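Enquirer: Input query-v2.cif, format and content: mmCIF, C-alpha atoms and all ligand atoms.
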```cif
data_query
loop_
_atom_site.label_atom_id
_atom_site.label_comp_id
_atom_site.auth_asym_id
_atom_site.auth_seq_id
_atom_site.Cartn_x
_atom_site.Cartn_y
_atom_site.Cartn_z
CA MET B 60 13.34 -74.58 -35.06
CA GLN B 61 14.33 -71.55 -32.97
CA ILE B 62 14.57 -68.35 -34.97
CA PRO B 63 16.63 -65.56 -33.48
CA PHE B 64 15.90 -61.93 -34.23
CA LEU B 65 19.29 -61.61 -35.90
CA SER B 66 22.00 -64.09 -36.78
CA PHE B 67 25.55 -63.29 -37.84
CA SER B 68 26.46 -66.91 -38.70
CA GLY B 69 25.95 -66.88 -42.46
CA GLN B 70 27.63 -63.52 -42.98
CA HIS B 71 30.54 -64.30 -40.67
CA ASP B 72 31.20 -67.75 -42.13
CA ALA B 73 31.32 -66.30 -45.65
CA ILE B 74 34.16 -63.88 -44.85
CA ARG B 75 35.84 -65.49 -41.87
CA GLU B 76 39.25 -65.82 -43.58
CA GLU B 77 39.27 -62.22 -44.90
CA VAL B 78 38.29 -60.74 -41.53
CA LEU B 79 40.78 -62.81 -39.54
CA ALA B 80 43.53 -61.89 -42.02
CA ALA B 81 42.62 -58.21 -41.61
CA ILE B 82 42.84 -58.49 -37.84
CA ALA B 83 46.22 -60.23 -38.06
CA ARG B 84 47.47 -57.57 -40.48
CA VAL B 85 46.67 -54.78 -38.01
CA TYR B 86 48.09 -56.75 -35.10
CA ASP B 87 51.37 -57.21 -36.94
CA SER B 88 51.49 -53.61 -38.21
CA HIS B 89 52.10 -52.21 -34.71
CA TRP B 90 50.01 -49.15 -35.75
CA TYR B 91 46.54 -48.94 -34.23
CA VAL B 92 45.07 -45.44 -34.53
CA LEU B 93 44.67 -43.27 -37.65
CA GLY B 94 46.81 -45.09 -40.14
CA GLN B 95 46.62 -46.80 -43.51
CA GLU B 96 43.65 -49.03 -42.66
CA VAL B 97 41.47 -46.05 -41.78
CA GLU B 98 42.58 -44.18 -44.91
CA GLN B 99 41.85 -47.20 -47.10
CA PHE B 100 38.42 -47.78 -45.59
CA GLU B 101 37.52 -44.10 -45.86
CA ALA B 102 38.40 -44.14 -49.56
CA ALA B 103 36.51 -47.38 -50.16
CA TYR B 104 33.40 -46.23 -48.31
CA ALA B 105 33.43 -42.83 -50.04
CA ALA B 106 33.53 -44.67 -53.38
CA PHE B 107 30.73 -47.00 -52.29
CA ASN B 108 28.58 -44.09 -51.07
CA GLN B 109 29.41 -42.00 -54.17
CA VAL B 110 30.71 -39.05 -52.16
CA GLN B 111 34.07 -37.35 -52.24
CA TYR B 112 34.91 -37.62 -48.56
CA CYS B 113 34.38 -40.12 -45.79
CA ILE B 114 35.77 -39.46 -42.31
CA GLY B 115 35.87 -42.44 -39.96
CA VAL B 116 34.89 -41.72 -36.36
CA GLY B 117 34.27 -43.67 -33.18
CA ASN B 118 30.54 -44.35 -33.59
CA GLY B 119 27.34 -43.13 -35.23
CA LEU B 120 26.34 -40.74 -32.46
CA ASP B 121 29.71 -39.00 -32.71
CA ALA B 122 29.40 -38.85 -36.49
CA LEU B 123 26.08 -37.01 -36.06
CA GLU B 124 27.47 -34.68 -33.41
CA LEU B 125 30.69 -33.84 -35.27
CA SER B 126 28.68 -33.25 -38.45
CA LEU B 127 26.52 -30.70 -36.60
CA ARG B 128 29.61 -29.09 -35.06
CA ALA B 129 31.30 -28.83 -38.44
CA LEU B 130 28.31 -26.73 -39.55
CA ASN B 131 28.65 -24.56 -36.42
CA ILE B 132 25.18 -25.56 -35.26
CA GLY B 133 24.72 -24.92 -31.56
CA SER B 134 22.95 -22.93 -28.90
CA GLY B 135 20.04 -20.85 -30.20
CA ASP B 136 19.68 -22.92 -33.38
CA GLU B 137 16.69 -25.11 -34.09
CA VAL B 138 17.13 -28.45 -35.82
CA ILE B 139 14.23 -30.42 -37.30
CA VAL B 140 14.37 -34.14 -36.47
CA PRO B 141 11.86 -36.96 -36.92
CA SER B 142 9.56 -37.68 -33.96
CA ASN B 143 10.08 -41.36 -34.79
CA THR B 144 13.76 -42.26 -34.73
CA TYR B 145 16.42 -43.91 -32.64
CA ILE B 146 17.26 -41.49 -29.85
CA ALA B 147 20.81 -40.92 -31.14
CA THR B 148 19.50 -38.42 -33.71
CA TRP B 149 18.01 -36.33 -30.91
CA LEU B 150 20.99 -36.75 -28.59
CA ALA B 151 23.40 -35.34 -31.18
CA VAL B 152 21.33 -32.16 -31.42
CA SER B 153 21.22 -31.90 -27.63
CA HIS B 154 24.98 -32.46 -27.32
CA VAL B 155 25.72 -29.41 -29.47
CA GLY B 156 23.25 -27.33 -27.44
CA ALA B 157 20.75 -26.79 -30.26
CA THR B 158 16.97 -27.07 -29.89
CA ILE B 159 15.09 -30.11 -31.16
CA VAL B 160 12.00 -29.55 -33.31
CA PRO B 161 10.29 -32.89 -33.97
CA VAL B 162 8.30 -33.55 -37.13
CA GLU B 163 6.00 -36.53 -37.55
CA PRO B 164 6.60 -39.43 -39.97
CA ARG B 165 4.23 -40.87 -42.54
CA LEU B 166 2.47 -43.78 -40.90
CA ASP B 167 3.03 -46.21 -43.77
CA THR B 168 6.72 -45.58 -44.59
CA TYR B 169 7.74 -44.57 -41.03
CA ASN B 170 9.92 -41.79 -42.52
CA ILE B 171 9.67 -38.05 -41.86
CA ASN B 172 6.76 -36.45 -43.74
CA PRO B 173 8.15 -33.70 -46.02
CA ASP B 174 4.69 -32.07 -46.21
CA LEU B 175 4.98 -31.13 -42.52
CA LEU B 176 8.44 -29.55 -42.69
CA GLU B 177 7.46 -26.06 -43.69
CA ALA B 178 5.10 -25.59 -40.71
CA ALA B 179 7.99 -26.45 -38.34
CA ILE B 180 10.38 -23.85 -39.74
CA THR B 181 11.02 -20.64 -37.75
CA SER B 182 13.57 -17.83 -38.05
CA ARG B 183 15.90 -19.94 -35.86
CA THR B 184 15.73 -23.14 -37.90
CA CYS B 185 19.11 -23.97 -39.37
CA ALA B 186 19.00 -27.64 -40.32
CA ILE B 187 16.88 -30.69 -41.12
CA MET B 188 18.08 -34.16 -40.09
CA PRO B 189 16.26 -36.81 -42.14
CA VAL B 190 16.71 -40.36 -40.85
CA HIS B 191 16.46 -43.16 -43.41
CA LEU B 192 14.64 -45.24 -40.88
CA TYR B 193 14.74 -49.04 -40.90
CA GLY B 194 16.68 -48.86 -44.19
CA GLN B 195 14.30 -46.91 -46.43
CA ALA B 196 15.45 -43.71 -48.14
CA CYS B 197 13.49 -40.61 -47.13
CA GLU B 198 11.75 -38.57 -49.82
CA MET B 199 14.89 -36.59 -50.46
CA ASP B 200 13.81 -34.43 -53.37
CA ALA B 201 11.01 -32.85 -51.31
CA ILE B 202 13.30 -32.48 -48.28
CA MET B 203 16.16 -30.91 -50.26
CA ASP B 204 13.69 -28.60 -51.95
CA VAL B 205 12.39 -27.25 -48.61
CA ALA B 206 15.97 -26.95 -47.33
CA TYR B 207 17.05 -25.05 -50.43
CA ARG B 208 14.11 -22.66 -50.33
CA HIS B 209 14.66 -21.86 -46.62
CA ASN B 210 18.44 -21.89 -46.75
CA LEU B 211 18.79 -24.78 -44.31
CA TYR B 212 21.51 -27.38 -43.89
CA VAL B 213 20.67 -31.05 -44.31
CA ILE B 214 22.42 -33.70 -42.23
CA GLU B 215 21.28 -37.21 -43.13
CA ASP B 216 21.30 -39.91 -40.47
CA ASN B 217 22.22 -42.87 -42.64
CA ALA B 218 22.98 -45.32 -39.82
CA GLN B 219 20.33 -47.80 -40.97
CA ALA B 220 20.46 -47.38 -44.72
CA HIS B 221 23.90 -48.10 -46.22
CA GLY B 222 23.33 -48.45 -49.95
CA ALA B 223 19.72 -47.22 -50.07
CA ALA B 224 18.84 -44.71 -52.78
CA TYR B 225 16.27 -42.09 -53.67
CA LYS B 226 15.65 -41.66 -57.39
CA GLY B 227 18.99 -43.30 -58.08
CA GLN B 228 21.09 -41.23 -55.67
CA LEU B 229 22.53 -42.94 -52.60
CA THR B 230 21.48 -41.90 -49.12
CA GLY B 231 24.36 -40.28 -47.27
CA SER B 232 25.21 -38.20 -50.36
CA PHE B 233 22.38 -35.64 -50.35
CA GLY B 234 23.06 -33.58 -47.24
CA HIS B 235 25.79 -31.01 -46.63
CA VAL B 236 27.43 -33.48 -44.28
CA ASN B 237 25.98 -36.82 -43.27
CA ALA B 238 26.48 -39.43 -40.60
CA THR B 239 26.41 -43.19 -40.46
CA SER B 240 27.10 -45.94 -37.96
CA PHE B 241 28.86 -49.27 -38.32
CA TYR B 242 27.57 -50.67 -35.04
CA PRO B 243 27.77 -54.49 -35.34
CA GLY B 244 24.07 -54.99 -36.10
CA LYS B 245 23.88 -52.37 -38.87
CA ASN B 246 23.86 -53.49 -42.50
CA LEU B 247 27.63 -52.88 -42.62
CA GLY B 248 28.84 -53.62 -39.12
CA ALA B 249 32.21 -53.57 -37.40
CA LEU B 250 33.22 -55.88 -34.55
CA GLY B 251 32.65 -53.06 -32.09
CA ASP B 252 31.79 -49.38 -32.32
CA ALA B 253 32.49 -47.43 -35.50
CA GLY B 254 30.94 -44.64 -37.55
CA ALA B 255 31.64 -42.10 -40.28
CA SER B 256 30.65 -38.76 -41.73
CA THR B 257 30.27 -38.40 -45.49
CA THR B 258 30.29 -35.20 -47.54
CA ASN B 259 31.15 -33.67 -50.89
CA ASN B 260 32.40 -30.49 -49.24
CA ALA B 261 36.18 -30.34 -48.71
CA ALA B 262 36.03 -27.69 -45.98
CA LEU B 263 33.43 -29.62 -43.98
CA ALA B 264 35.41 -32.84 -44.39
CA LYS B 265 38.46 -31.08 -43.00
CA LYS B 266 36.44 -29.75 -40.04
CA VAL B 267 35.12 -33.20 -39.11
CA ARG B 268 38.63 -34.64 -39.54
CA THR B 269 40.02 -32.00 -37.18
CA LEU B 270 37.19 -32.34 -34.65
CA ARG B 271 37.55 -36.13 -34.38
CA ASN B 272 41.20 -35.80 -33.42
CA TYR B 273 41.39 -33.30 -30.54
CA GLY B 274 40.74 -30.35 -32.84
CA SER B 275 44.17 -30.89 -34.30
CA GLN B 276 45.54 -31.40 -37.80
CA GLN B 277 49.16 -31.29 -36.77
CA LYS B 278 50.09 -33.17 -33.63
CA TYR B 279 50.15 -30.90 -30.55
CA TYR B 280 48.70 -27.90 -32.45
CA ASN B 281 45.05 -27.53 -31.41
CA GLU B 282 42.84 -25.19 -33.45
CA VAL B 283 39.44 -25.93 -31.93
CA ILE B 284 37.99 -27.67 -28.87
CA GLY B 285 37.94 -31.11 -30.42
CA HIS B 286 36.91 -34.61 -29.46
CA ASN B 287 38.64 -37.93 -29.36
CA SER B 288 36.50 -39.95 -31.74
CA ARG B 289 38.67 -41.85 -34.16
CA LEU B 290 37.81 -44.95 -36.11
CA ASP B 291 40.52 -47.38 -35.08
CA GLU B 292 42.69 -49.40 -37.42
CA LEU B 293 41.26 -52.73 -36.34
CA GLN B 294 37.64 -51.77 -37.01
CA ALA B 295 38.61 -50.08 -40.28
CA ALA B 296 40.36 -53.25 -41.47
CA VAL B 297 37.35 -55.39 -40.54
CA LEU B 298 35.00 -52.98 -42.33
CA SER B 299 37.19 -53.03 -45.44
CA ALA B 300 37.00 -56.82 -45.45
CA LYS B 301 33.20 -56.76 -45.16
CA LEU B 302 32.39 -53.87 -47.52
CA PRO B 303 32.78 -55.87 -50.77
CA MET B 304 29.92 -58.12 -49.56
CA LEU B 305 27.49 -55.32 -48.75
CA ILE B 306 25.68 -55.20 -52.09
CA GLU B 307 25.15 -58.96 -52.08
CA TRP B 308 23.96 -58.90 -48.46
CA THR B 309 21.59 -56.04 -49.26
CA GLY B 310 20.10 -58.05 -52.13
CA GLN B 311 19.56 -60.97 -49.77
CA ARG B 312 17.80 -58.71 -47.25
CA GLN B 313 15.55 -57.47 -50.04
CA GLU B 314 14.73 -61.06 -51.01
CA VAL B 315 13.82 -61.90 -47.42
CA ALA B 316 11.58 -58.80 -47.30
CA ALA B 317 9.92 -59.75 -50.60
CA LEU B 318 9.15 -63.20 -49.20
CA TYR B 319 7.65 -61.72 -46.03
CA ASN B 320 5.57 -59.31 -48.15
CA GLU B 321 4.20 -62.23 -50.14
CA ARG B 322 3.56 -64.52 -47.18
CA LEU B 323 1.99 -61.88 -44.91
CA ALA B 324 -0.05 -59.90 -47.44
CA SER B 325 -3.30 -61.71 -46.67
CA ILE B 326 -3.41 -60.94 -42.92
CA PRO B 327 -5.82 -58.00 -42.49
CA ASP B 328 -4.45 -56.71 -39.19
CA VAL B 329 -0.81 -56.71 -40.32
CA HIS B 330 0.36 -53.60 -42.14
CA LEU B 331 3.48 -54.28 -44.16
CA PRO B 332 6.26 -51.71 -44.63
CA ALA B 333 5.35 -49.42 -47.55
CA VAL B 334 8.09 -48.13 -49.84
CA ALA B 335 7.66 -44.58 -51.16
CA ALA B 336 7.76 -43.97 -54.91
CA GLY B 337 11.38 -43.36 -55.95
CA ALA B 338 12.84 -44.83 -52.75
CA THR B 339 14.70 -48.08 -52.24
CA HIS B 340 14.71 -49.99 -48.97
CA VAL B 341 17.71 -51.98 -47.72
CA TYR B 342 15.75 -53.56 -44.86
CA HIS B 343 18.02 -52.97 -41.94
CA LEU B 344 14.79 -53.91 -40.18
CA TYR B 345 11.54 -55.43 -41.41
CA VAL B 346 8.92 -53.59 -39.39
CA VAL B 347 5.21 -54.39 -39.46
CA ARG B 348 2.34 -52.71 -37.62
CA THR B 349 -0.54 -54.42 -35.84
CA SER B 350 -3.07 -53.47 -33.18
CA ARG B 351 -2.31 -56.76 -31.37
CA ARG B 352 1.43 -56.11 -31.16
CA ASP B 353 2.15 -57.10 -27.55
CA ASP B 354 0.18 -60.35 -27.74
CA LEU B 355 1.78 -61.18 -31.08
CA GLN B 356 5.27 -60.58 -29.73
CA GLN B 357 4.56 -62.83 -26.76
CA TYR B 358 3.10 -65.56 -28.96
CA LEU B 359 6.11 -65.47 -31.27
CA ALA B 360 8.46 -65.66 -28.26
CA GLU B 361 6.58 -68.79 -27.09
CA GLN B 362 7.14 -70.25 -30.57
CA GLY B 363 10.90 -69.59 -30.26
CA ILE B 364 10.85 -66.62 -32.64
CA GLY B 365 12.80 -63.51 -31.68
CA THR B 366 11.40 -60.04 -32.38
CA LEU B 367 12.24 -56.53 -31.20
CA ILE B 368 10.43 -53.19 -30.98
CA HIS B 369 12.04 -50.21 -32.71
CA TYR B 370 11.24 -48.25 -30.61
CA PRO B 371 9.06 -48.81 -27.54
CA ILE B 372 9.22 -45.20 -26.27
CA PRO B 373 9.44 -42.27 -28.69
CA PRO B 374 12.21 -39.78 -27.84
CA HIS B 375 9.79 -37.02 -26.77
CA LEU B 376 8.41 -39.23 -23.99
CA GLN B 377 11.81 -40.36 -22.72
CA GLU B 378 12.90 -39.35 -19.23
CA ALA B 379 15.93 -37.64 -20.78
CA TYR B 380 13.65 -35.19 -22.64
CA ARG B 381 11.30 -34.43 -19.77
CA PHE B 382 12.78 -30.92 -19.61
CA MET B 383 11.19 -30.14 -22.97
CA ASN B 384 7.73 -30.66 -21.44
CA PHE B 385 6.36 -32.80 -24.23
CA LYS B 386 3.33 -34.89 -23.28
CA ALA B 387 1.54 -37.95 -24.58
CA GLY B 388 -0.53 -36.90 -27.59
CA ASP B 389 2.00 -34.34 -28.89
CA PHE B 390 3.26 -36.66 -31.64
CA PRO B 391 0.47 -39.17 -32.17
CA ILE B 392 2.01 -40.97 -35.16
CA ALA B 393 5.28 -41.64 -33.34
CA GLU B 394 3.25 -42.74 -30.32
CA ASN B 395 1.06 -44.99 -32.45
CA LEU B 396 4.17 -46.63 -33.94
CA ALA B 397 5.63 -47.21 -30.48
CA THR B 398 2.60 -49.30 -29.54
CA SER B 399 1.96 -51.00 -32.89
CA CYS B 400 5.30 -51.70 -34.57
CA LEU B 401 7.15 -55.00 -34.45
CA SER B 402 10.45 -55.89 -36.12
CA LEU B 403 10.45 -59.45 -37.44
CA PRO B 404 13.61 -61.58 -37.77
CA MET B 405 15.78 -60.25 -40.63
CA TRP B 406 19.32 -60.97 -41.71
CA PRO B 407 20.94 -61.55 -45.11
CA SER B 408 21.31 -65.33 -45.05
CA MET B 409 17.88 -65.99 -43.54
CA THR B 410 16.38 -68.91 -45.46
CA ALA B 411 12.98 -69.18 -47.14
CA ALA B 412 12.15 -71.95 -44.64
CA GLU B 413 12.88 -69.59 -41.77
CA VAL B 414 10.72 -66.84 -43.31
CA ASP B 415 7.95 -69.43 -43.78
CA ARG B 416 8.16 -70.53 -40.17
CA VAL B 417 7.81 -66.92 -38.96
CA SER B 418 5.01 -66.21 -41.44
CA ASP B 419 3.12 -69.38 -40.52
CA ALA B 420 3.30 -68.40 -36.86
CA LEU B 421 1.76 -65.01 -37.69
CA HIS B 422 -1.03 -66.69 -39.67
CA THR B 423 -1.77 -69.06 -36.80
CA PHE B 424 -1.81 -66.19 -34.29
CA PHE B 425 -4.19 -64.03 -36.32
CA LYS B 426 -6.61 -66.94 -36.88
CA SER B 427 -7.14 -67.14 -33.11
C1 LIG G 1 22.54 -46.92 -34.64
C2 LIG G 1 22.01 -45.58 -34.92
C3 LIG G 1 22.69 -44.41 -34.55
C4 LIG G 1 23.88 -44.39 -33.66
O1 LIG G 1 24.92 -45.20 -34.01
P1 LIG G 1 25.95 -45.70 -32.89
O2 LIG G 1 27.08 -46.19 -33.69
O3 LIG G 1 25.26 -46.75 -32.08
O4 LIG G 1 26.32 -44.52 -32.05
C5 LIG G 1 22.17 -43.20 -34.96
N1 LIG G 1 21.03 -43.12 -35.65
C6 LIG G 1 20.33 -44.21 -35.99
C7 LIG G 1 19.07 -44.05 -36.77
C8 LIG G 1 20.78 -45.47 -35.63
O5 LIG G 1 20.07 -46.55 -35.96
#
```
If you took the structure in this file and wrote it as structure tokens, what would it be?

Expert:
Amino acid sequence: MQIPFLSFSGQHDAIREEVLAAIARVYDSHWYVLGQEVEQFEAAYAAFNQVQYCIGVGNGLDALELSLRALNIGSGDEVIVPSNTYIATWLAVSHVGATIVPVEPRLDTYNINPDLLEAAITSRTCAIMPVHLYGQACEMDAIMDVAYRHNLYVIEDNAQAHGAAYKGQLTGSFGHVNATSFYPGKNLGALGDAGASTTNNAALAKKVRTLRNYGSQQKYYNEVIGHNSRLDELQAAVLSAKLPMLIEWTGQRQEVAALYNERLASIPDVHLPAVAAGATHVYHLYVVRTSRRDDLQQYLAEQGIGTLIHYPIPPHLQEAYRFMNFKAGDFPIAENLATSCLSLPMWPSMTAAEVDRVSDALHTFFKS
């Protein structure tokens, strides 16, 4: 039995008719950009995320960038980001010309460590960007508390955590303006690129809405130097068809994670993903740590089991950030994760037999 890293089959089969009907509806509507489908999805996602406003944009990176721009963050401003994240979080800060200030995660939850925030704050700091990495909510009460005391904006990167919560409040609803992605492999995925900003602030919602469409609210009247980053009707219709399934799919991911936790608990050199008190985890990824990571990944590949590394090179050691003169050793926890973390197969309709097969392979490997 081959086990891929990710399979869409179960999910796609379950909603094939709804998605194909949505595509046909858009095709026949003869209206493809910024129309009813986008409006309907924005309203549905805002309701799901328990925020007042959702603004659909072209992708998650743009959602992050436009959220920063809406807050007028730019050159001369410092923005605190996790040292361990997908590079998009960093790129958005760079795109607006602001300065990145990385802060290390906790080793066991992989999420930014709120205890380290205060030491990273300077007179130029204007925002914190928590990333709910791998699907687990960050410790938002501590983060919001620091932000409030230092008068900082918070922009959540919720690309991996649709539906996660901290002490009962959904991620993507804490920050001043927040960003998410609907890249196909995310927990709620389009059939192409898509993203959104979420906020409870009407003025910020209007700014993102203007920025995504050439800086214009009224056609051919341009107020600011805007972008072209619109969620298109086709992706919005597909997302609307999939959204009603998200809670069920999240529950299935959590069941798969619970099975892994049970099956893998007895392997001493495998550290399972820890969930912080008050946080929920929607398991976009199921990430373990082990000192024998590379050998394990190779062994699993030989057994026909797909795995990935999220992420093999931390942003501060990427070629793109050479100009910042970071060096190996600057962010040891992020660097440790890059050499020890492994994402095991995870998708909503993964069966118990498939989880067993992966778990058995890990047991066999660690006995050798
Ligand atoms: C996927 C992702 C993004 C970017 O989303 P795109 O739609 O691919 O641009 C940003 N941040 C995180 C944490 C992500 O996982």

Enquirer: Contacts of Met409 (chain B) at 10 Å or less, counting all atoms listed in the file, minus same-chain residues fewer than 5 places along, as a list of chain:residue names?

Expert: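 The filter keeps B:Ile62, B:Leu65, B:Ser66, B:Phe67, B:Ser68, B:Gly69, B:Gln311, B:Arg312, B:Glu314, B:Val315, B:Pro404, B:Val414.
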
Enquirer: Residues up to 7 Å from ligand LIG 1 (chain G), counting all atoms listed in the file: could you list those as a VMD selection string?

Expert: chain B and resid 118 to 121 144 to 145 147 to 148 190 192 216 to 219 239 to 242 252 to 254

Enquirer: How about saving the chosen residues, C-alpha atoms kept, as a CSV table (one decimal), keeping the file's coordinate frame?

Expert:
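Everything below was put into again_38.csv:
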```csv
chain,number,residue,atom,x,y,z
B,118,ASN,CA,30.5,-44.4,-33.6
B,119,GLY,CA,27.3,-43.1,-35.2
B,120,LEU,CA,26.3,-40.7,-32.5
B,121,ASP,CA,29.7,-39.0,-32.7
B,144,THR,CA,13.8,-42.3,-34.7
B,145,TYR,CA,16.4,-43.9,-32.6
B,147,ALA,CA,20.8,-40.9,-31.1
B,148,THR,CA,19.5,-38.4,-33.7
B,190,VAL,CA,16.7,-40.4,-40.8
B,192,LEU,CA,14.6,-45.2,-40.9
B,216,ASP,CA,21.3,-39.9,-40.5
B,217,ASN,CA,22.2,-42.9,-42.6
B,218,ALA,CA,23.0,-45.3,-39.8
B,219,GLN,CA,20.3,-47.8,-41.0
B,239,THR,CA,26.4,-43.2,-40.5
B,240,SER,CA,27.1,-45.9,-38.0
B,241,PHE,CA,28.9,-49.3,-38.3
B,242,TYR,CA,27.6,-50.7,-35.0
B,252,ASP,CA,31.8,-49.4,-32.3
B,253,ALA,CA,32.5,-47.4,-35.5
B,254,GLY,CA,30.9,-44.6,-37.6
```

Enquirer: Find the residues near Thr168 (chain B): any atom within 7 Å, counting only C-alpha atoms, skip ones fewer than 2 places away on the same chain, and give them as a PDB file with C-alpha atoms, in the frame of the given file.

Expert:
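Output below, filename result-v4.pdb:
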```
ATOM      1  CA  ARG B 165       4.230 -40.870 -42.540  1.00  0.00           C
ATOM      2  CA  LEU B 166       2.470 -43.780 -40.900  1.00  0.00           C
ATOM      3  CA  ASN B 170       9.920 -41.790 -42.520  1.00  0.00           C
ATOM      4  CA  PRO B 332       6.260 -51.710 -44.630  1.00  0.00           C
ATOM      5  CA  ALA B 333       5.350 -49.420 -47.550  1.00  0.00           C
ATOM      6  CA  VAL B 334       8.090 -48.130 -49.840  1.00  0.00           C
ATOM      7  CA  ALA B 335       7.660 -44.580 -51.160  1.00  0.00           C
TER       8      ALA B 335
END
```

Enquirer: List as a list in words the protein and nucleic acid residues near Ala300 (chain B), meaning an atom at most 12 Å away when all atoms listed in the file are counted, but skip any in the same chain fewer than 6 places from it.

Expert: Gln70, His71, Ala73, Ile74, Arg75, Glu76, Glu77, Val78, Leu79, Ala80, Ala81, Ile82, Arg84, Glu96, Gln99, Phe100, Ala103, Tyr104, Leu247, Gly248, Ala249, Leu250, Leu293 and Gln294 of chain B

Enquirer: Taking into account only C-alpha atoms, which residue in the set B:Gln362, B:Pro173, B:Thr184, B:Ala387 is nearest to Val160 (chain B)?

Expert: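 Answer, going by the shortest atom-to-atom distance: B:Thr184.
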
Enquirer: Would you mind telling me which residue in B:Val341, B:Met60, B:Ile284, B:Ala157 lies nearest to Glu413 (chain B) when using all atoms listed in the file?

Expert: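 Of all the options, B:Met60 lies closest to Glu413 (chain B).
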
Enquirer: Every residue with an atom at most 9 Å from (11.4, -39.8, -32.4) (file coordinates; all atoms listed in the file) is what I'm after, so could you write them as a PyMOL selection string?

Expert: chain B and resi 140-146+148-149+161-164+370+372-376+390+393-394

Enquirer: Kindly export the residues of the current selection with C-alpha atoms, as a PDB file, in the coordinates of the input.

Expert:
```pdb
ATOM      1  CA  VAL B 140      14.370 -34.140 -36.470  1.00  0.00           C
ATOM      2  CA  PRO B 141      11.860 -36.960 -36.920  1.00  0.00           C
ATOM      3  CA  SER B 142       9.560 -37.680 -33.960  1.00  0.00           C
ATOM      4  CA  ASN B 143      10.080 -41.360 -34.790  1.00  0.00           C
ATOM      5  CA  THR B 144      13.760 -42.260 -34.730  1.00  0.00           C
ATOM      6  CA  TYR B 145      16.420 -43.910 -32.640  1.00  0.00           C
ATOM      7  CA  ILE B 146      17.260 -41.490 -29.850  1.00  0.00           C
ATOM      8  CA  THR B 148      19.500 -38.420 -33.710  1.00  0.00           C
ATOM      9  CA  TRP B 149      18.010 -36.330 -30.910  1.00  0.00           C
ATOM     10  CA  PRO B 161      10.290 -32.890 -33.970  1.00  0.00           C
ATOM     11  CA  VAL B 162       8.300 -33.550 -37.130  1.00  0.00           C
ATOM     12  CA  GLU B 163       6.000 -36.530 -37.550  1.00  0.00           C
ATOM     13  CA  PRO B 164       6.600 -39.430 -39.970  1.00  0.00           C
ATOM     14  CA  TYR B 370      11.240 -48.250 -30.610  1.00  0.00           C
ATOM     15  CA  ILE B 372       9.220 -45.200 -26.270  1.00  0.00           C
ATOM     16  CA  PRO B 373       9.440 -42.270 -28.690  1.00  0.00           C
ATOM     17  CA  PRO B 374      12.210 -39.780 -27.840  1.00  0.00           C
ATOM     18  CA  HIS B 375       9.790 -37.020 -26.770  1.00  0.00           C
ATOM     19  CA  LEU B 376       8.410 -39.230 -23.990  1.00  0.00           C
ATOM     20  CA  PHE B 390       3.260 -36.660 -31.640  1.00  0.00           C
ATOM     21  CA  ALA B 393       5.280 -41.640 -33.340  1.00  0.00           C
ATOM     22  CA  GLU B 394       3.250 -42.740 -30.320  1.00  0.00           C
TER      23      GLU B 394
END
```

Enquirer: For Val329 (chain B), list every protein, DNA or RNA residue within 6 Å, evaluated using only C-alpha atoms, and leave out those in the same chain fewer than 2 positions away; present the list as a VMD selection string.

Expert: chain B and resid 326 to 327 348 to 349

Enquirer: Show which residues sit within 12 Å of Gly227 (chain B), as a PyMOL selection string. Count all atoms listed in the file, and ignore same-chain residues fewer than 5 positions away.

Expert: chain B and resi 108-109+196+198-200+222+232-233+336-339

Enquirer: Between CA of Ser288 (chain B) and CA of Asn260 (chain B), what distance in Å does the model show, to one decimal?

Expert: 20.3 Å

Enquirer: Please return as a PyMOL selection string every residue within 9 Å of (21.2, -19.6, -39.0), taking into account all atoms listed in the file and the file's own coordinates.

Expert: chain B and resi 132+135-137+182-186+210-211

Enquirer: Using all atoms listed in the file, pick whichever of B:Ile171, B:Ile202, B:His221, B:Ala420 has the shortest atom-to-atom distance to Arg322 (chain B).

Expert: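 That would be B:Ala420, the residue with the smallest distance to Arg322 (chain B).
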
Enquirer: I'd like to know which of B:Asn272, B:Ser325, B:Ser299, B:Thr158 is closest to Asp419 (chain B), using all atoms listed in the file.

Expert: B:Ser325

Enquirer: Any idea what the distance is between CA of Cys400 (chain B) and CA of Ile368 (chain B)?

Expert: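 Atom-to-atom, CA of Cys400 (chain B) to CA of Ile368 (chain B), that is 6.4 Å.
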
Enquirer: Between CA of Ala296 (chain B) and CA of Ala83 (chain B), measure the distance and give it in Å to one decimal.

Expert: 9.7 Å

Enquirer: Find the residue from B:His191, B:Lys301, B:Arg128, B:Lys386 that sits nearest to Glu215 (chain B); use only C-alpha atoms when measuring.

Expert: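 Ranking B:His191, B:Lys301, B:Arg128, B:Lys386 by distance to Glu215 (chain B), first place goes to B:His191.
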
Enquirer: For region 177-194 of chain B, what centre and edge lengths in Å (one decimal) does the axis-aligned box get once 8 Å is added on each side of all its listed atoms, as AutoDock Vina command-line options?

Expert:
```
--center_x 12.1 --center_y -33.4 --center_z -40.0 --size_x 30.0 --size_y 47.2 --size_z 24.3
```
